[in-house]
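Coordinates as given in entry10.cif (mmCIF, C-alpha atoms):
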```cif
data_start
loop_
_atom_site.label_atom_id
_atom_site.label_comp_id
_atom_site.auth_asym_id
_atom_site.auth_seq_id
_atom_site.Cartn_x
_atom_site.Cartn_y
_atom_site.Cartn_z
CA MET A 300 -22.85 -12.01 19.48
CA ASP A 301 -21.51 -8.68 20.70
CA ASP A 302 -19.17 -8.17 17.76
CA GLU A 303 -22.16 -8.39 15.39
CA VAL A 304 -23.69 -5.20 16.81
CA ALA A 305 -23.38 -2.25 14.46
CA LYS A 306 -20.98 0.14 16.14
CA TYR A 307 -19.45 2.42 13.56
CA THR A 308 -20.55 4.90 10.93
CA THR A 309 -18.76 5.28 7.62
CA GLN A 310 -17.07 8.42 8.93
CA GLU A 311 -15.80 6.60 12.04
CA ILE A 312 -14.53 3.68 9.95
CA SER A 313 -12.75 6.02 7.57
CA VAL A 314 -10.87 7.62 10.47
CA LEU A 315 -10.07 4.31 12.19
CA VAL A 316 -8.81 2.71 8.99
CA GLY A 317 -7.18 5.72 7.34
CA MET A 318 -9.35 5.93 4.23
CA SER A 319 -11.55 8.69 2.97
CA VAL A 320 -15.32 8.24 3.17
CA SER A 321 -15.45 8.13 -0.62
CA GLN A 322 -12.89 5.31 -0.65
CA VAL A 323 -15.00 3.31 1.81
CA HIS A 324 -18.05 3.86 -0.42
CA TYR A 325 -16.05 2.86 -3.51
CA TYR A 326 -14.79 -0.39 -1.98
CA ASP A 327 -18.30 -1.18 -0.81
CA ARG A 328 -19.64 -0.65 -4.35
CA LEU A 329 -16.95 -3.04 -5.63
CA GLY A 330 -18.16 -5.69 -3.20
CA LEU A 331 -14.97 -5.69 -1.14
CA ILE A 332 -16.67 -5.32 2.25
CA PRO A 333 -18.61 -8.51 2.97
CA ASN A 334 -21.56 -8.64 5.37
CA LEU A 335 -21.92 -4.88 5.51
CA ARG A 336 -25.29 -3.87 6.87
CA ARG A 337 -27.45 -0.83 6.27
CA SER A 338 -29.50 1.05 8.81
CA GLU A 339 -33.24 1.59 8.34
CA ASN A 340 -32.48 4.88 6.62
CA GLY A 341 -29.95 3.28 4.25
CA TYR A 342 -26.69 4.32 5.91
CA ARG A 343 -23.83 1.85 6.08
CA VAL A 344 -23.28 0.48 9.58
CA PHE A 345 -20.10 -1.36 10.49
CA THR A 346 -19.50 -4.05 13.09
CA GLU A 347 -16.26 -4.91 14.84
CA LYS A 348 -15.71 -7.65 12.24
CA ASN A 349 -16.17 -5.10 9.46
CA LEU A 350 -13.57 -2.89 11.14
CA ILE A 351 -11.05 -5.75 11.21
CA TRP A 352 -11.84 -6.55 7.57
CA MET A 353 -11.38 -2.91 6.59
CA LYS A 354 -7.97 -2.76 8.28
CA ASN A 355 -6.90 -5.84 6.32
CA LEU A 356 -8.36 -4.39 3.12
CA LYS A 357 -6.34 -1.21 3.67
CA ILE A 358 -3.13 -3.26 3.90
CA PHE A 359 -3.94 -5.13 0.70
CA ILE A 360 -4.69 -1.87 -1.09
CA ASP A 361 -1.63 -0.06 0.27
CA SER A 362 0.56 -2.97 -0.81
CA GLU A 363 -0.86 -2.60 -4.32
CA MET A 364 -2.65 -5.93 -4.47
CA PRO A 365 -4.76 -5.79 -7.64
CA LEU A 366 -8.43 -5.10 -6.95
CA LYS A 367 -9.42 -8.19 -8.94
CA ASP A 368 -7.35 -10.31 -6.53
CA ILE A 369 -8.86 -8.59 -3.51
CA ARG A 370 -12.31 -9.22 -4.96
CA GLN A 371 -11.52 -12.88 -5.54
CA LEU A 372 -10.15 -13.18 -2.01
CA THR A 373 -13.27 -11.51 -0.62
CA ASP A 374 -15.55 -13.84 -2.58
CA LEU A 375 -13.62 -16.88 -1.35
CA VAL A 376 -13.80 -15.76 2.27
CA VAL A 377 -17.56 -15.32 1.96
CA GLN A 378 -17.85 -18.84 0.51
CA GLY A 379 -16.24 -20.39 3.57
CA LYS A 380 -12.91 -20.64 5.26
CA GLN A 381 -12.21 -24.38 5.10
CA ALA A 382 -13.38 -24.96 1.55
CA THR A 383 -11.41 -22.09 0.06
CA ALA A 384 -8.33 -21.88 2.29
CA GLU A 385 -5.96 -23.26 -0.37
CA LYS A 386 -7.14 -20.82 -3.04
CA ARG A 387 -6.98 -17.87 -0.63
CA GLN A 388 -3.49 -18.87 0.41
CA ALA A 389 -2.39 -19.03 -3.22
CA ILE A 390 -3.64 -15.47 -3.85
CA VAL A 391 -1.81 -14.11 -0.82
CA GLU A 392 1.37 -16.07 -1.59
CA HIS A 393 1.41 -14.70 -5.15
CA HIS A 394 1.05 -11.17 -3.84
CA LEU A 395 3.78 -11.77 -1.28
CA LYS A 396 6.16 -12.84 -4.07
CA GLU A 397 5.36 -9.63 -5.93
CA LEU A 398 6.06 -7.60 -2.79
CA GLU A 399 9.37 -9.40 -2.30
CA LYS A 400 10.37 -8.51 -5.88
CA LYS A 401 9.51 -4.86 -5.21
CA GLN A 402 11.44 -5.01 -1.95
CA ALA A 403 14.54 -6.30 -3.77
CA GLU A 404 14.24 -3.51 -6.34
CA LEU A 405 13.81 -0.92 -3.61
CA LYS A 406 16.90 -2.27 -1.89
CA LYS A 407 18.88 -1.69 -5.10
CA GLN A 408 17.47 1.81 -5.42
CA VAL A 409 18.35 2.64 -1.81
CA ALA A 410 21.91 1.39 -2.36
CA PHE A 411 22.18 3.55 -5.49
CA MET A 412 20.98 6.65 -3.62
CA ASN A 413 23.35 5.96 -0.73
CA GLY A 414 26.21 5.76 -3.24
CA PHE A 415 25.15 9.07 -4.73
CA ILE A 416 25.10 10.67 -1.26
CA LYS A 417 28.57 9.32 -0.49
CA THR A 418 29.84 10.88 -3.71
CA TYR A 419 28.40 14.24 -2.69
CA GLN A 420 29.84 13.90 0.81
CA GLN A 421 33.26 13.21 -0.67
CA MET A 422 32.92 16.23 -2.94
CA GLU A 423 32.13 18.42 0.06
CA LYS A 424 35.49 17.46 1.54
CA GLU A 425 37.25 18.68 -1.60
CA SER A 426 37.76 22.35 -2.37
CA ASP A 427 34.96 24.28 -4.03
CA GLU A 428 37.16 24.95 -7.09
CA TYR A 429 37.87 21.25 -7.54
CA SER A 430 34.19 20.40 -7.16
CA PHE A 431 33.15 23.04 -9.68
CA SER A 432 35.84 21.92 -12.12
CA TYR A 433 34.86 18.28 -11.67
CA TRP A 434 31.24 18.92 -12.60
CA CYS A 435 32.14 21.35 -15.38
CA ASN A 436 34.09 18.60 -17.09
CA PHE A 437 30.75 16.96 -17.76
CA ALA A 438 28.97 20.18 -18.69
CA ASN A 439 31.70 21.71 -20.88
CA CYS A 440 31.86 24.91 -18.81
CA PRO A 441 33.57 27.73 -20.72
CA GLY A 442 36.95 28.98 -19.55
CA LEU A 443 37.93 25.83 -17.67
CA HIS A 444 39.23 23.62 -20.49
#
```
Please re-express this file's structure in structure tokens.
Amino acid sequence: MDDEVAKYTTQEISVLVGMSVSQVHYYDRLGLIPNLRRSENGYRVFTEKNLIWMKNLKIFIDSEMPLKDIRQLTDLVVQGKQATAEKRQAIVEHHLKELEKKQAELKKQVAFMNGFIKTYQQMEKESDEYSFSYWCNFANCPGLH
């Protein structure tokens, strides 16, 4: 199979995926890169399938999926797709729910920041003296009370 031919070095993979070489080595040591081969001189060699796996791994990592869950997912994939599909789906669904919670929280934070900006924009429309007096009311500025 053509996609089984080793095509990429660790350096090339790191650039293609957007990880440092040390990160690639670290994830390999954790067992998160299945079916990774080594050359005769011991260097890691990556196939097209490894590249696709690494791109997926990067998304899981960037989305803050716990490493233990990524490891479990990796182990299940190695065991076989049909036999473990339900378990793998459950791991991904759980992570998706966590991401949706974070997304809802981020939405609240964005709304808060937008409200803050609107307040500042309104203040800019007011005179400088009013703006200074307004903020000094909170800071107990001398000579204004």
Practice task
Check what the PyMOL selection byres ((chain A and resi 373) around 9) selects in the file above and give those residues as a list of chain:residue names.
Solution key: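 So the PyMOL selection byres ((chain A and resi 373) around 9) ends up selecting A:Gly330, A:Leu331, A:Ile332, A:Pro333, A:Asp368, A:Ile369, A:Arg370, A:Gln371, A:Leu372, A:Asp374, A:Leu375, A:Val376, A:Val377, A:Gln378, A:Arg387.
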From atom CA of Pro365 of chain A to atom CA of Tyr342 of chain A the spacing works out at 27.7 Å
Please report, as JSON, the centre and edge lengths in Å to one decimal of an axis-aligned box covering all listed atoms of segment 303-308 of chain A with 3 Å per side.
```
{"center_x": -21.6, "center_y": -1.7, "center_z": 13.9, "size_x": 10.2, "size_y": 19.3, "size_z": 11.9}
```
Long-range neighbours of segment 306-315 of chain A as an MDAnalysis selection string, 7 Å cut-off, all atoms listed in the file, 6 positions minimum in chain = chainID A and resid 323 343:346 350
- Message: Just checking: using all atoms listed in the file, which residue out of A:Ser319, A:Gln388, A:Asn349, A:Gln420 ends up closest to Glu303 of chain A?
- Response: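 Closest to Glu303 of chain A of all the choices is A:Asn349.
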Here atom CA of Phe359 of chain A and atom CA of Leu395 of chain A stand apart by 10.4 Å
Straight-line distance linking atom CA of Gly379 of chain A with atom CA of Ile358 of chain A, stated in Å to one decimal:
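Computing the Euclidean distance for atom CA of Gly379 of chain A and atom CA of Ile358 of chain A yields 21.6 Å.
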| said: I'd like to know which of A:Leu398, A:Ala384, A:Leu329, A:Ile351 is closest to Leu366 of chain A, using only C-alpha atoms. | reply: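 Closest residue, counting only C-alpha atoms: A:Leu329.
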Test item: write segment 376-423 of chain A with N, CA and C atoms as an mmCIF file, in the first residue's frame:
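Ended up saving to part_28.cif:
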```cif
data_model
loop_
_atom_site.group_PDB
_atom_site.id
_atom_site.type_symbol
_atom_site.label_atom_id
_atom_site.label_comp_id
_atom_site.auth_asym_id
_atom_site.auth_seq_id
_atom_site.Cartn_x
_atom_site.Cartn_y
_atom_site.Cartn_z
ATOM 1 N N VAL A 376 -8.513 2.359 19.256
ATOM 2 C CA VAL A 376 -8.358 2.356 17.801
ATOM 3 C C VAL A 376 -7.427 1.229 17.377
ATOM 4 N N VAL A 377 -6.358 1.028 18.112
ATOM 5 C CA VAL A 377 -5.411 -0.035 17.793
ATOM 6 C C VAL A 377 -6.074 -1.409 17.917
ATOM 7 N N GLN A 378 -6.987 -1.549 18.889
ATOM 8 C CA GLN A 378 -7.675 -2.823 19.093
ATOM 9 C C GLN A 378 -8.569 -3.191 17.916
ATOM 10 N N GLY A 379 -9.163 -2.220 17.289
ATOM 11 C CA GLY A 379 -10.021 -2.504 16.140
ATOM 12 C C GLY A 379 -11.214 -1.584 16.095
ATOM 13 N N LYS A 380 -11.550 -1.174 14.902
ATOM 14 C CA LYS A 380 -12.587 -0.163 14.735
ATOM 15 C C LYS A 380 -13.992 -0.662 15.092
ATOM 16 N N GLN A 381 -14.380 -1.796 14.595
ATOM 17 C CA GLN A 381 -15.745 -2.278 14.836
ATOM 18 C C GLN A 381 -15.973 -2.630 16.304
ATOM 19 N N ALA A 382 -15.034 -3.328 16.879
ATOM 20 C CA ALA A 382 -15.209 -3.824 18.245
ATOM 21 C C ALA A 382 -15.227 -2.715 19.289
ATOM 22 N N THR A 383 -14.613 -1.590 18.983
ATOM 23 C CA THR A 383 -14.480 -0.546 19.995
ATOM 24 C C THR A 383 -15.188 0.754 19.620
ATOM 25 N N ALA A 384 -15.943 0.748 18.560
ATOM 26 C CA ALA A 384 -16.557 1.979 18.053
ATOM 27 C C ALA A 384 -17.428 2.665 19.111
ATOM 28 N N GLU A 385 -18.201 1.898 19.853
ATOM 29 C CA GLU A 385 -19.100 2.480 20.856
ATOM 30 C C GLU A 385 -18.317 3.170 21.979
ATOM 31 N N LYS A 386 -17.255 2.528 22.430
ATOM 32 C CA LYS A 386 -16.434 3.112 23.494
ATOM 33 C C LYS A 386 -15.726 4.374 23.004
ATOM 34 N N ARG A 387 -15.204 4.316 21.769
ATOM 35 C CA ARG A 387 -14.523 5.488 21.214
ATOM 36 C C ARG A 387 -15.498 6.643 21.054
ATOM 37 N N GLN A 388 -16.692 6.330 20.600
ATOM 38 C CA GLN A 388 -17.713 7.365 20.441
ATOM 39 C C GLN A 388 -18.050 8.003 21.784
ATOM 40 N N ALA A 389 -18.137 7.208 22.821
ATOM 41 C CA ALA A 389 -18.457 7.727 24.153
ATOM 42 C C ALA A 389 -17.372 8.701 24.637
ATOM 43 N N ILE A 390 -16.115 8.376 24.382
ATOM 44 C CA ILE A 390 -15.018 9.265 24.791
ATOM 45 C C ILE A 390 -15.130 10.599 24.066
ATOM 46 N N VAL A 391 -15.355 10.547 22.779
ATOM 47 C CA VAL A 391 -15.433 11.774 21.978
ATOM 48 C C VAL A 391 -16.685 12.571 22.347
ATOM 49 N N GLU A 392 -17.795 11.897 22.560
ATOM 50 C CA GLU A 392 -19.025 12.601 22.955
ATOM 51 C C GLU A 392 -18.850 13.308 24.296
ATOM 52 N N HIS A 393 -18.188 12.653 25.243
ATOM 53 C CA HIS A 393 -17.939 13.279 26.543
ATOM 54 C C HIS A 393 -17.092 14.540 26.371
ATOM 55 N N HIS A 394 -16.077 14.438 25.561
ATOM 56 C CA HIS A 394 -15.213 15.600 25.331
ATOM 57 C C HIS A 394 -15.991 16.715 24.624
ATOM 58 N N LEU A 395 -16.822 16.345 23.693
ATOM 59 C CA LEU A 395 -17.638 17.344 22.993
ATOM 60 C C LEU A 395 -18.536 18.093 23.979
ATOM 61 N N LYS A 396 -19.122 17.386 24.928
ATOM 62 C CA LYS A 396 -19.955 18.048 25.943
ATOM 63 C C LYS A 396 -19.138 19.035 26.762
ATOM 64 N N GLU A 397 -17.916 18.656 27.097
ATOM 65 C CA GLU A 397 -17.033 19.562 27.835
ATOM 66 C C GLU A 397 -16.708 20.805 27.002
ATOM 67 N N LEU A 398 -16.461 20.601 25.724
ATOM 68 C CA LEU A 398 -16.189 21.741 24.836
ATOM 69 C C LEU A 398 -17.399 22.662 24.723
ATOM 70 N N GLU A 399 -18.584 22.080 24.670
ATOM 71 C CA GLU A 399 -19.804 22.887 24.579
ATOM 72 C C GLU A 399 -20.010 23.711 25.849
ATOM 73 N N LYS A 400 -19.664 23.139 27.007
ATOM 74 C CA LYS A 400 -19.731 23.909 28.262
ATOM 75 C C LYS A 400 -18.763 25.085 28.212
ATOM 76 N N LYS A 401 -17.538 24.822 27.753
ATOM 77 C CA LYS A 401 -16.543 25.896 27.636
ATOM 78 C C LYS A 401 -17.009 26.956 26.642
ATOM 79 N N GLN A 402 -17.621 26.515 25.572
ATOM 80 C CA GLN A 402 -18.115 27.444 24.559
ATOM 81 C C GLN A 402 -19.185 28.356 25.152
ATOM 82 N N ALA A 403 -20.090 27.803 25.951
ATOM 83 C CA ALA A 403 -21.134 28.604 26.595
ATOM 84 C C ALA A 403 -20.520 29.618 27.548
ATOM 85 N N GLU A 404 -19.511 29.198 28.306
ATOM 86 C CA GLU A 404 -18.831 30.111 29.226
ATOM 87 C C GLU A 404 -18.107 31.211 28.463
ATOM 88 N N LEU A 405 -17.447 30.840 27.379
ATOM 89 C CA LEU A 405 -16.778 31.845 26.549
ATOM 90 C C LEU A 405 -17.775 32.843 25.968
ATOM 91 N N LYS A 406 -18.938 32.360 25.598
ATOM 92 C CA LYS A 406 -19.967 33.248 25.061
ATOM 93 C C LYS A 406 -20.362 34.296 26.108
ATOM 94 N N LYS A 407 -20.496 33.861 27.360
ATOM 95 C CA LYS A 407 -20.814 34.790 28.450
ATOM 96 C C LYS A 407 -19.684 35.805 28.641
ATOM 97 N N GLN A 408 -18.459 35.323 28.580
ATOM 98 C CA GLN A 408 -17.309 36.205 28.763
ATOM 99 C C GLN A 408 -17.209 37.230 27.634
ATOM 100 N N VAL A 409 -17.483 36.796 26.411
ATOM 101 C CA VAL A 409 -17.464 37.715 25.270
ATOM 102 C C VAL A 409 -18.553 38.768 25.435
ATOM 103 N N ALA A 410 -19.732 38.368 25.871
ATOM 104 C CA ALA A 410 -20.819 39.332 26.093
ATOM 105 C C ALA A 410 -20.428 40.338 27.174
ATOM 106 N N PHE A 411 -19.796 39.868 28.233
ATOM 107 C CA PHE A 411 -19.345 40.755 29.302
ATOM 108 C C PHE A 411 -18.351 41.779 28.758
ATOM 109 N N MET A 412 -17.363 41.321 27.998
ATOM 110 C CA MET A 412 -16.356 42.226 27.443
ATOM 111 C C MET A 412 -16.977 43.221 26.467
ATOM 112 N N ASN A 413 -17.923 42.767 25.668
ATOM 113 C CA ASN A 413 -18.612 43.682 24.750
ATOM 114 C C ASN A 413 -19.364 44.760 25.522
ATOM 115 N N GLY A 414 -19.974 44.385 26.638
ATOM 116 C CA GLY A 414 -20.659 45.364 27.485
ATOM 117 C C GLY A 414 -19.681 46.374 28.051
ATOM 118 N N PHE A 415 -18.527 45.902 28.462
ATOM 119 C CA PHE A 415 -17.491 46.786 28.985
ATOM 120 C C PHE A 415 -17.059 47.785 27.912
ATOM 121 N N ILE A 416 -16.856 47.295 26.696
ATOM 122 C CA ILE A 416 -16.443 48.166 25.586
ATOM 123 C C ILE A 416 -17.518 49.202 25.291
ATOM 124 N N LYS A 417 -18.765 48.795 25.319
ATOM 125 C CA LYS A 417 -19.858 49.751 25.076
ATOM 126 C C LYS A 417 -19.866 50.850 26.129
ATOM 127 N N THR A 418 -19.580 50.477 27.370
ATOM 128 C CA THR A 418 -19.510 51.472 28.443
ATOM 129 C C THR A 418 -18.402 52.475 28.143
ATOM 130 N N TYR A 419 -17.242 51.989 27.737
ATOM 131 C CA TYR A 419 -16.133 52.882 27.412
ATOM 132 C C TYR A 419 -16.464 53.758 26.207
ATOM 133 N N GLN A 420 -17.138 53.175 25.217
ATOM 134 C CA GLN A 420 -17.512 53.968 24.042
ATOM 135 C C GLN A 420 -18.484 55.079 24.425
ATOM 136 N N GLN A 421 -19.400 54.774 25.325
ATOM 137 C CA GLN A 421 -20.341 55.791 25.792
ATOM 138 C C GLN A 421 -19.599 56.880 26.556
ATOM 139 N N MET A 422 -18.632 56.482 27.360
ATOM 140 C CA MET A 422 -17.856 57.458 28.121
ATOM 141 C C MET A 422 -17.077 58.384 27.199
ATOM 142 N N GLU A 423 -16.588 57.853 26.081
ATOM 143 C CA GLU A 423 -15.840 58.684 25.140
ATOM 144 C C GLU A 423 -16.714 59.780 24.548
#
```
